[in-house]
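Shown next, in structure tokens, is the structure this report addresses.
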Amino acid sequence: MRAQEDGLYQTGSLHDQGYIHCSYPHQVVEVANSIYRGQLGLVLLHVDPDRLDSRVVEEDGGSSKLYPHVYGLINVGAVVKVERFEAGEDGFFTHPDVNDS
């Protein structure tokens, strides 16, 4: 993974929108099913915001729900866990450690 080599993680949204979209644990399944349904090879990055070198701002994602947006790169030292996140056979995501509510 390139982020491990560079020590920094980024996405296209950082360049296009100025921040990296993130979710709180209770939002992950809903977001994944809305945007990534059926995609394979995804991973969840568990990020400790206290370890981030970049600023995090809670902002309305367009649904009156607040989401954390990282305004800058995610330094790999802030990633405390990387977890495979695969859709089920029906294309939908579930996760035993994430509260859907």
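Numbering starts fresh at 1 for the residues of each chain in the structure tokens, the chains themselves are lettered A, B, ... in the order given, and ligands are numbered from 1 as they appear.
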Shell around region 41-48 of chain A at 7 Å using only C-alpha atoms, local window under 2 positions removed, as a list in words
Gln39, Asp50, Arg51, Leu52, Ala78, Val79, Val80, Lys81, Val82, Glu83, Arg84, Phe85 and Glu86 of chain A
Okay, now the selection with C-alpha atoms, as an mmCIF file, in the first residue's frame?
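The file below, out_28.cif, is the result:
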data_model
loop_
_atom_site.group_PDB
_atom_site.id
_atom_site.type_symbol
_atom_site.label_atom_id
_atom_site.label_comp_id
_atom_site.auth_asym_id
_atom_site.auth_seq_id
_atom_site.Cartn_x
_atom_site.Cartn_y
_atom_site.Cartn_z
ATOM 1 C CA GLN A 39 -17.402 -3.147 -4.171
ATOM 2 C CA ASP A 50 -5.696 12.835 18.655
ATOM 3 C CA ARG A 51 -2.799 11.425 16.604
ATOM 4 C CA LEU A 52 -3.665 13.243 13.380
ATOM 5 C CA ALA A 78 -2.830 8.092 13.398
ATOM 6 C CA VAL A 79 -4.120 4.810 11.935
ATOM 7 C CA VAL A 80 -4.526 2.471 14.889
ATOM 8 C CA LYS A 81 -6.103 -0.433 13.007
ATOM 9 C CA VAL A 82 -6.663 -1.551 9.429
ATOM 10 C CA GLU A 83 -9.498 -3.981 8.920
ATOM 11 C CA ARG A 84 -10.814 -5.808 5.849
ATOM 12 C CA PHE A 85 -14.322 -4.630 5.012
ATOM 13 C CA GLU A 86 -16.077 -6.839 2.499
#
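Using only C-alpha atoms, the residues found no farther than 8 Å from Gly72 (chain A), other than those of its own chain fewer than 5 positions away, are Gln10, Leu14, Gly18, Tyr19, Ile20, Ser54 and Arg55 of chain A.
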When DSSP is applied to the backbone of this structure, which of chain A are assigned alpha helix (DSSP H)? Write them out as an MDAnalysis selection string.
chainID A and resid 2:6 12:17 28:35
Contacts of region 61-63 of chain A within 12 Å, only C-alpha atoms, excl. fewer than 4 positions in-chain, as a PDB file with C-alpha atoms, in the first residue's frame:
ATOM      1  CA  HIS A  21     -14.410  12.111   4.020  1.00  0.00           C
ATOM      2  CA  CYS A  22     -14.569  10.008   7.172  1.00  0.00           C
ATOM      3  CA  SER A  23     -17.314   8.410   9.255  1.00  0.00           C
ATOM      4  CA  GLN A  27     -22.071   5.621  10.366  1.00  0.00           C
ATOM      5  CA  VAL A  31     -22.195   5.081   4.233  1.00  0.00           C
ATOM      6  CA  VAL A  57     -13.969  19.313  11.348  1.00  0.00           C
ATOM      7  CA  TYR A  67     -19.395  13.578   9.633  1.00  0.00           C
ATOM      8  CA  PRO A  68     -15.706  14.066  10.427  1.00  0.00           C
ATOM      9  CA  HIS A  69     -13.776  15.635   7.566  1.00  0.00           C
TER      10      HIS A  69
END
Smallest atom-to-atom distance to Tyr9 (chain A): which of A:Asp90, A:Ser64, A:Asp53, A:Glu30, using only C-alpha atoms?
A:Asp53
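The spacing separating CA of Leu66 (chain A) from CA of Phe92 (chain A) amounts to 22.8 Å.
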What's the 7 Å shell around Leu8 (chain A), counting only C-alpha atoms, without same-chain residues fewer than 4 positions away, as a PyMOL selection string?
chain A and resi 3+73-76
Check chain A with DSSP on the backbone and list each residue it calls strand (DSSP E or B), as a PyMOL selection string.
chain A and resi 8-9+20-21+42-47+55-60+66-71+74-75+79-85
Just give me the gap between CA of Val56 (chain A) and CA of Gly12 (chain A) in Å, one decimal is fine.
17.2 Å
To one decimal place in Å, what is the distance between CA of Glu58 (chain A) and CA of Phe93 (chain A)?
24.0 Å
